[in-house]
>>> print(open('protein.cif').read())   # mmCIF, C-alpha atoms
data_my_file
loop_
_atom_site.group_PDB
_atom_site.id
_atom_site.type_symbol
_atom_site.label_atom_id
_atom_site.label_comp_id
_atom_site.auth_asym_id
_atom_site.auth_seq_id
_atom_site.Cartn_x
_atom_site.Cartn_y
_atom_site.Cartn_z
ATOM 1 C CA MET A 1 -1.081 7.527 -7.500
ATOM 2 C CA TYR A 2 -2.989 7.794 -10.808
ATOM 3 C CA HIS A 3 -3.092 11.596 -10.832
ATOM 4 C CA GLY A 4 0.535 11.805 -9.748
ATOM 5 C CA LEU A 5 1.712 9.641 -12.655
ATOM 6 C CA ARG A 6 -0.603 10.562 -15.526
ATOM 7 C CA GLU A 7 1.091 13.837 -16.520
ATOM 8 C CA GLU A 8 4.431 12.146 -17.178
ATOM 9 C CA PHE A 9 3.448 8.636 -18.195
ATOM 10 C CA ASP A 10 0.993 7.180 -20.692
ATOM 11 C CA ILE A 11 -1.457 5.213 -18.551
ATOM 12 C CA VAL A 12 -3.251 2.810 -20.865
ATOM 13 C CA GLU A 13 -5.768 1.424 -18.392
ATOM 14 C CA VAL A 14 -6.544 1.238 -14.683
ATOM 15 C CA VAL A 15 -7.757 -2.169 -13.522
ATOM 16 C CA LEU A 16 -9.849 -1.962 -10.358
ATOM 17 C CA GLU A 17 -10.726 -5.236 -8.681
ATOM 18 C CA ASP A 18 -13.712 -5.828 -6.437
ATOM 19 C CA LYS A 19 -13.006 -5.789 -2.724
ATOM 20 C CA PRO A 20 -12.811 -9.275 -1.222
ATOM 21 C CA SER A 21 -15.713 -10.282 0.993
ATOM 22 C CA ALA A 22 -15.290 -8.953 4.534
ATOM 23 C CA LEU A 23 -16.680 -12.222 5.879
ATOM 24 C CA GLY A 24 -14.250 -14.209 3.760
ATOM 25 C CA MET A 25 -11.350 -12.096 4.975
ATOM 26 C CA LEU A 26 -12.371 -12.612 8.609
ATOM 27 C CA ARG A 27 -12.621 -16.362 8.147
ATOM 28 C CA HIS A 28 -9.176 -16.491 6.542
ATOM 29 C CA ARG A 29 -7.645 -14.365 9.293
ATOM 30 C CA ALA A 30 -9.330 -16.428 12.012
ATOM 31 C CA ARG A 31 -7.869 -19.635 10.592
ATOM 32 C CA LYS A 32 -4.423 -18.089 10.371
ATOM 33 C CA LEU A 33 -4.253 -15.881 13.466
ATOM 34 C CA GLY A 34 -7.025 -17.121 15.762
ATOM 35 C CA VAL A 35 -10.486 -15.824 16.563
ATOM 36 C CA ILE A 36 -9.511 -13.444 19.413
ATOM 37 C CA GLN A 37 -6.824 -11.653 17.419
ATOM 38 C CA THR A 38 -9.065 -11.435 14.369
ATOM 39 C CA LEU A 39 -11.918 -9.880 16.364
ATOM 40 C CA GLY A 40 -9.488 -7.315 17.775
ATOM 41 C CA GLN A 41 -8.352 -6.444 14.264
ATOM 42 C CA PHE A 42 -11.929 -6.138 13.061
ATOM 43 C CA GLY A 43 -12.686 -3.759 15.944
ATOM 44 C CA PHE A 44 -9.704 -1.643 14.976
ATOM 45 C CA ILE A 45 -10.718 -1.572 11.303
ATOM 46 C CA LEU A 46 -14.082 -0.124 12.327
ATOM 47 C CA TYR A 47 -12.370 2.401 14.604
ATOM 48 C CA SER A 48 -9.877 3.401 11.877
ATOM 49 C CA ARG A 49 -12.760 4.442 9.622
ATOM 50 C CA LEU A 50 -13.864 6.915 12.272
ATOM 51 C CA LEU A 51 -10.263 8.095 12.615
ATOM 52 C CA VAL A 52 -10.107 8.829 8.882
ATOM 53 C CA ARG A 53 -13.223 10.994 9.154
ATOM 54 C CA ALA A 54 -11.852 12.828 12.166
ATOM 55 C CA SER A 55 -8.547 13.403 10.329
ATOM 56 C CA ARG A 56 -10.076 14.747 7.125
ATOM 57 C CA SER A 57 -8.833 18.291 7.734
ATOM 58 C CA ARG A 58 -5.234 17.095 8.180
ATOM 59 C CA ILE A 59 -5.511 14.836 5.131
ATOM 60 C CA GLU A 60 -6.728 17.730 2.977
ATOM 61 C CA GLN A 61 -3.934 19.914 4.346
ATOM 62 C CA LEU A 62 -1.317 17.345 3.310
ATOM 63 C CA LEU A 63 -2.855 16.829 -0.118
ATOM 64 C CA HIS A 64 -2.839 20.587 -0.735
ATOM 65 C CA ARG A 65 0.701 21.029 0.616
ATOM 66 C CA HIS A 66 2.121 18.386 -1.709
ATOM 67 C CA GLY A 67 -0.062 19.059 -4.729
ATOM 68 C CA LEU A 68 -1.827 15.697 -4.619
ATOM 69 C CA SER A 69 -5.307 14.988 -5.950
ATOM 70 C CA ASP A 70 -7.834 12.502 -4.615
ATOM 71 C CA ALA A 71 -10.325 13.169 -7.412
ATOM 72 C CA PRO A 72 -11.983 10.095 -8.933
ATOM 73 C CA ILE A 73 -10.145 8.339 -11.754
ATOM 74 C CA PRO A 74 -11.858 9.102 -15.105
ATOM 75 C CA ALA A 75 -14.353 6.356 -15.881
ATOM 76 C CA GLN A 76 -13.130 5.919 -19.456
ATOM 77 C CA VAL A 77 -9.755 4.508 -18.334
ATOM 78 C CA ILE A 78 -11.162 2.153 -15.700
ATOM 79 C CA ARG A 79 -11.768 -1.553 -16.168
ATOM 80 C CA ARG A 80 -13.467 -3.256 -13.225
ATOM 81 C CA VAL A 81 -12.807 -6.934 -12.572
ATOM 82 C CA ALA A 82 -13.705 -9.439 -9.880
ATOM 83 C CA SER A 83 -10.027 -10.243 -9.364
ATOM 84 C CA ALA A 84 -6.777 -9.019 -10.874
ATOM 85 C CA ASN A 85 -5.786 -12.676 -11.130
ATOM 86 C CA GLY A 86 -8.630 -13.446 -13.549
ATOM 87 C CA ARG A 87 -7.739 -14.724 -17.002
ATOM 88 C CA GLY A 88 -9.192 -11.642 -18.671
ATOM 89 C CA VAL A 89 -6.627 -9.355 -17.015
ATOM 90 C CA ALA A 90 -3.704 -11.438 -18.267
ATOM 91 C CA ASP A 91 -5.166 -11.471 -21.778
ATOM 92 C CA ARG A 92 -5.548 -7.680 -21.820
ATOM 93 C CA LEU A 93 -1.987 -7.205 -20.599
ATOM 94 C CA ARG A 94 -0.703 -9.340 -23.452
ATOM 95 C CA ARG A 95 -2.639 -7.249 -25.975
ATOM 96 C CA GLN A 96 -1.491 -3.950 -24.466
ATOM 97 C CA ALA A 97 2.165 -5.018 -24.054
ATOM 98 C CA PRO A 98 3.013 -2.404 -21.386
ATOM 99 C CA GLN A 99 6.540 -1.345 -20.497
ATOM 100 C CA ALA A 100 5.628 -1.625 -16.805
ATOM 101 C CA VAL A 101 2.623 -2.480 -14.640
ATOM 102 C CA VAL A 102 2.019 -0.311 -11.570
ATOM 103 C CA VAL A 103 0.507 -2.219 -8.657
ATOM 104 C CA ASN A 104 -1.306 -0.410 -5.863
ATOM 105 C CA GLY A 105 -3.351 -2.000 -3.071
ATOM 106 C CA THR A 106 -4.230 -5.292 -4.764
ATOM 107 C CA ARG A 107 -4.524 -8.787 -3.351
ATOM 108 C CA ILE A 108 -1.531 -11.105 -3.802
ATOM 109 C CA LEU A 109 -0.963 -11.479 -7.545
ATOM 110 C CA SER A 110 -0.625 -14.960 -8.973
ATOM 111 C CA LYS A 111 2.576 -16.218 -10.559
ATOM 112 C CA LYS A 112 0.600 -16.847 -13.757
ATOM 113 C CA LEU A 113 -0.396 -13.181 -13.989
ATOM 114 C CA LEU A 114 3.122 -11.973 -13.217
ATOM 115 C CA MET A 115 4.440 -14.101 -16.079
ATOM 116 C CA ALA A 116 1.758 -12.988 -18.552
ATOM 117 C CA VAL A 117 3.909 -10.189 -20.021
ATOM 118 C CA ASP A 118 7.592 -9.404 -20.246
ATOM 119 C CA ALA A 119 7.241 -6.277 -18.129
ATOM 120 C CA PRO A 120 8.055 -5.495 -14.499
ATOM 121 C CA PHE A 121 5.207 -5.296 -11.992
ATOM 122 C CA ILE A 122 6.136 -2.464 -9.616
ATOM 123 C CA ASN A 123 4.471 -1.874 -6.256
ATOM 124 C CA THR A 124 4.482 0.963 -3.735
ATOM 125 C CA HIS A 125 4.552 -0.644 -0.294
ATOM 126 C CA MET A 126 3.668 1.440 2.744
ATOM 127 C CA GLY A 127 6.565 0.248 4.854
ATOM 128 C CA ILE A 128 10.272 -0.542 4.737
ATOM 129 C CA THR A 129 10.911 -4.098 3.586
ATOM 130 C CA PRO A 130 11.828 -6.714 4.539
ATOM 131 C CA ALA A 131 11.339 -5.667 8.194
ATOM 132 C CA TYR A 132 7.795 -4.364 7.703
ATOM 133 C CA ARG A 133 6.069 -6.439 5.067
ATOM 134 C CA GLY A 134 2.274 -6.773 5.054
ATOM 135 C CA VAL A 135 0.136 -3.796 6.047
ATOM 136 C CA HIS A 136 0.638 -0.527 7.944
ATOM 137 C CA GLY A 137 4.429 -0.726 8.020
ATOM 138 C CA GLY A 138 4.816 2.933 8.955
ATOM 139 C CA TYR A 139 2.591 2.568 12.004
ATOM 140 C CA TRP A 140 4.323 -0.625 13.143
ATOM 141 C CA ALA A 141 7.754 0.975 12.856
ATOM 142 C CA LEU A 142 6.621 3.828 15.118
ATOM 143 C CA ALA A 143 4.944 1.405 17.526
ATOM 144 C CA ASN A 144 8.255 -0.477 17.750
ATOM 145 C CA ASN A 145 10.174 2.775 18.347
ATOM 146 C CA ASP A 146 11.941 2.143 15.042
ATOM 147 C CA ARG A 147 11.708 5.497 13.282
ATOM 148 C CA ALA A 148 14.717 4.627 11.136
ATOM 149 C CA HIS A 149 12.442 2.156 9.326
ATOM 150 C CA CYS A 150 9.280 4.263 9.154
ATOM 151 C CA GLY A 151 8.904 4.784 5.453
ATOM 152 C CA VAL A 152 7.966 3.463 2.044
ATOM 153 C CA THR A 153 9.391 0.968 -0.450
ATOM 154 C CA VAL A 154 9.004 0.703 -4.212
ATOM 155 C CA HIS A 155 9.779 -2.842 -5.270
ATOM 156 C CA LEU A 156 9.267 -5.470 -7.929
ATOM 157 C CA VAL A 157 6.327 -7.786 -7.326
ATOM 158 C CA ASP A 158 6.870 -11.511 -6.999
ATOM 159 C CA ALA A 159 4.617 -14.303 -5.762
ATOM 160 C CA GLY A 160 5.393 -13.544 -2.088
ATOM 161 C CA VAL A 161 4.088 -10.883 0.289
ATOM 162 C CA ASP A 162 6.217 -7.774 -0.361
ATOM 163 C CA THR A 163 9.285 -9.934 -0.949
ATOM 164 C CA GLY A 164 10.276 -8.701 -4.424
ATOM 165 C CA GLY A 165 13.521 -6.929 -5.260
ATOM 166 C CA ILE A 166 13.820 -3.453 -3.743
ATOM 167 C CA LEU A 167 14.143 -0.545 -6.169
ATOM 168 C CA TYR A 168 13.890 2.528 -3.942
ATOM 169 C CA GLN A 169 13.152 3.337 -0.288
ATOM 170 C CA ALA A 170 12.574 6.542 1.674
ATOM 171 C CA ILE A 171 11.861 7.498 5.278
ATOM 172 C CA ILE A 172 8.958 9.713 6.402
ATOM 173 C CA ALA A 173 8.857 12.123 9.349
ATOM 174 C CA PRO A 174 5.348 12.269 10.890
ATOM 175 C CA GLU A 175 4.462 15.505 12.639
ATOM 176 C CA VAL A 176 2.509 15.923 15.867
ATOM 177 C CA ASP A 177 -0.782 16.254 13.953
ATOM 178 C CA ASP A 178 -0.317 12.959 12.128
ATOM 179 C CA ASN A 179 -1.826 9.606 13.038
ATOM 180 C CA PHE A 180 -2.669 6.186 11.644
ATOM 181 C CA ALA A 181 -4.973 7.784 9.063
ATOM 182 C CA THR A 182 -2.385 10.250 7.739
ATOM 183 C CA TYR A 183 0.810 8.164 7.735
ATOM 184 C CA PRO A 184 -0.192 6.685 4.334
ATOM 185 C CA ILE A 185 -0.457 10.192 2.861
ATOM 186 C CA LEU A 186 3.108 10.959 3.950
ATOM 187 C CA GLN A 187 4.200 7.622 2.504
ATOM 188 C CA LEU A 188 2.387 8.348 -0.763
ATOM 189 C CA VAL A 189 4.210 11.661 -1.126
ATOM 190 C CA GLN A 190 7.560 9.882 -0.949
ATOM 191 C CA GLY A 191 6.357 6.798 -2.793
ATOM 192 C CA LEU A 192 5.102 8.776 -5.777
ATOM 193 C CA SER A 193 8.521 10.266 -6.508
ATOM 194 C CA LEU A 194 10.113 6.833 -6.050
ATOM 195 C CA MET A 195 7.608 5.232 -8.418
ATOM 196 C CA LYS A 196 8.338 7.870 -11.046
ATOM 197 C CA ALA A 197 12.041 7.076 -10.765
ATOM 198 C CA ALA A 198 11.340 3.352 -11.075
ATOM 199 C CA LEU A 199 9.156 3.847 -14.174
ATOM 200 C CA ARG A 200 11.843 5.968 -15.806
ATOM 201 C CA ASP A 201 14.302 3.171 -15.080
ATOM 202 C CA ALA A 202 11.914 0.610 -16.578
ATOM 203 C CA ALA A 203 11.506 2.686 -19.748
ATOM 204 C CA THR A 204 15.276 2.886 -20.249
ATOM 205 C CA GLY A 205 16.161 -0.653 -19.154
ATOM 206 C CA ARG A 206 17.941 0.525 -15.999
ATOM 207 C CA LEU A 207 15.982 -1.231 -13.243
ATOM 208 C CA ALA A 208 18.407 -2.378 -10.562
ATOM 209 C CA PRO A 209 16.592 -4.378 -7.858
ATOM 210 C CA ARG A 210 18.428 -5.426 -4.730
ATOM 211 C CA VAL A 211 17.704 -8.056 -2.118
ATOM 212 C CA GLY A 212 16.476 -6.725 1.223
ATOM 213 C CA GLU A 213 18.704 -7.265 4.230
ATOM 214 C CA GLY A 214 17.967 -7.912 7.887
ATOM 215 C CA PRO A 215 14.983 -9.476 9.687
ATOM 216 C CA SER A 216 11.860 -10.116 7.655
ATOM 217 C CA ARG A 217 8.348 -10.117 9.104
ATOM 218 C CA GLN A 218 4.797 -9.821 7.821
ATOM 219 C CA TRP A 219 2.521 -7.479 9.798
ATOM 220 C CA TYR A 220 -1.257 -7.277 10.015
ATOM 221 C CA HIS A 221 -3.767 -4.754 11.360
ATOM 222 C CA PRO A 222 -3.272 -3.913 15.029
ATOM 223 C CA GLY A 223 -5.951 -5.030 17.429
ATOM 224 C CA LEU A 224 -8.095 -2.290 18.930
ATOM 225 C CA LEU A 225 -6.889 -2.933 22.498
ATOM 226 C CA GLY A 226 -3.249 -3.120 21.421
ATOM 227 C CA TYR A 227 -3.561 0.088 19.456
ATOM 228 C CA TRP A 228 -4.901 1.999 22.447
ATOM 229 C CA LYS A 229 -2.245 0.572 24.773
ATOM 230 C CA THR A 230 0.451 1.731 22.365
ATOM 231 C CA ARG A 231 -1.184 5.125 21.976
ATOM 232 C CA LEU A 232 -1.442 5.737 25.716
ATOM 233 C CA ARG A 233 2.003 4.395 26.593
ATOM 234 C CA GLN A 234 4.037 5.654 23.642
ATOM 235 C CA GLY A 235 1.940 8.395 22.112
ATOM 236 C CA VAL A 236 1.791 6.651 18.736
ATOM 237 C CA LYS A 237 -1.576 7.625 17.299
#
>>> encode(input="protein.cif", output="structure tokens")
Amino acid sequence: MYHGLREEFDIVEVVLEDKPSALGMLRHRARKLGVIQTLGQFGFILYSRLLVRASRSRIEQLLHRHGLSDAPIPAQVIRRVASANGRGVADRLRRQAPQAVVVNGTRILSKKLLMAVDAPFINTHMGITPAYRGVHGGYWALANNDRAHCGVTVHLVDAGVDTGGILYQAIIAPEVDDNFATYPILQLVQGLSLMKAALRDAATGRLAPRVGEGPSRQWYHPGLLGYWKTRLRQGVK
């Protein structure tokens, strides 16, 4: 996302927050979803890391095909923080007074942070909202035989989970060589062009968010057993 935007837009700073504790995440999930489901998700997370390694050739092929770069972000533009919701982040935003704040892969942002500056917070969500909020929306759409909603959404960020006003959406078309590890690359390709359009709109005061229609659901990681059942029965990798 950084390399795709930097040639057209003036990126003042990239705030990278520390990853939440894996143990803390598991405890939270267990309280919310139950121990059995959480253990299944944890097993799949471990498996998905192996899948990424096994899919490296396909990932590199897609990056080359679409002119994307996964090179490290230059250290001089990075500011590392424990949490994006920390007071220091809000203070820096006020000083920088950005026209827009691009959000990518963060935890849920607090209402206080979102109100810190008079600028839109814009997120690229890897799924079509509101039907596929949460994580891995492209995979879940395929698993539900819902290819018409296998895609990506660029939306305004509010205090909910992917519930902000929709700016742009696009559908992806996975090929036979694609799988859980490469769907996000296909979504990034589409999402990058949508984000550019949204930032141009923000710069000219033409943002036009709309409310999502239809069923709304938040999705989580698949469990390892469920993933393999879906893969064997439906061929969704």
>>> atom_distance(input="protein.cif", atom1="atom CA of A:Glu213", atom2="atom CA of A:Leu199")
23.5 Å
>>> resolve_selection(input="protein.cif", expression="the PyMOL selection byres ((chain A and resi 83) around 10)", output="JSON, numbers by chain")
{"A": [15, 16, 17, 18, 19, 20, 80, 81, 82, 84, 85, 86, 87, 88, 89, 106, 107, 109]}
>>> write_last_selection(input="protein.cif", atoms="C-alpha atoms", output="CSV table (one decimal), in the coordinates of the input")
chain,number,residue,atom,x,y,z
A,15,VAL,CA,-7.8,-2.2,-13.5
A,16,LEU,CA,-9.8,-2.0,-10.4
A,17,GLU,CA,-10.7,-5.2,-8.7
A,18,ASP,CA,-13.7,-5.8,-6.4
A,19,LYS,CA,-13.0,-5.8,-2.7
A,20,PRO,CA,-12.8,-9.3,-1.2
A,80,ARG,CA,-13.5,-3.3,-13.2
A,81,VAL,CA,-12.8,-6.9,-12.6
A,82,ALA,CA,-13.7,-9.4,-9.9
A,84,ALA,CA,-6.8,-9.0,-10.9
A,85,ASN,CA,-5.8,-12.7,-11.1
A,86,GLY,CA,-8.6,-13.4,-13.5
A,87,ARG,CA,-7.7,-14.7,-17.0
A,88,GLY,CA,-9.2,-11.6,-18.7
A,89,VAL,CA,-6.6,-9.4,-17.0
A,106,THR,CA,-4.2,-5.3,-4.8
A,107,ARG,CA,-4.5,-8.8,-3.4
A,109,LEU,CA,-1.0,-11.5,-7.5
>>> closest_residue(input="protein.cif", among="A:Ser55, A:Val14, A:Arg210, A:Thr204", to="A:Tyr183", atoms="only C-alpha atoms")
A:Ser55
>>> resolve_selection(input="protein.cif", expression="the PyMOL selection byres ((chain A and resi 22-31) around 12)", output="number ranges by chain")
A: 18-21, 32-43, 45-46, 107, 220-221
>>> atom_distance(input="protein.cif", atom1="atom CA of A:Ala75", atom2="atom CA of A:Leu113")
24.1 Å
>>> residues_around(input="protein.cif", residues="A:His3", least_positions_apart="2", cutoff="9 Å", atoms="only C-alpha atoms", output="list in words")
Met1, Leu5, Arg6, Glu7, Leu68, Ser69, Asp70, Ala71 and Ile73 of chain A
>>> write_last_selection(input="protein.cif", atoms="C-alpha atoms", output="mmCIF file, in the frame of the given file")
data_model
loop_
_atom_site.group_PDB
_atom_site.id
_atom_site.type_symbol
_atom_site.label_atom_id
_atom_site.label_comp_id
_atom_site.auth_asym_id
_atom_site.auth_seq_id
_atom_site.Cartn_x
_atom_site.Cartn_y
_atom_site.Cartn_z
ATOM 1 C CA MET A 1 -1.081 7.527 -7.500
ATOM 2 C CA LEU A 5 1.712 9.641 -12.655
ATOM 3 C CA ARG A 6 -0.603 10.562 -15.526
ATOM 4 C CA GLU A 7 1.091 13.837 -16.520
ATOM 5 C CA LEU A 68 -1.827 15.697 -4.619
ATOM 6 C CA SER A 69 -5.307 14.988 -5.950
ATOM 7 C CA ASP A 70 -7.834 12.502 -4.615
ATOM 8 C CA ALA A 71 -10.325 13.169 -7.412
ATOM 9 C CA ILE A 73 -10.145 8.339 -11.754
#
>>> atom_distance(input="protein.cif", atom1="atom CA of A:Gln76", atom2="atom CA of A:Leu93")
17.3 Å
>>> resolve_selection(input="protein.cif", expression="the PyMOL selection byres ((chain A and resi 237) around 7)", output="PyMOL selection string")
chain A and resi 179-180+231+235-236
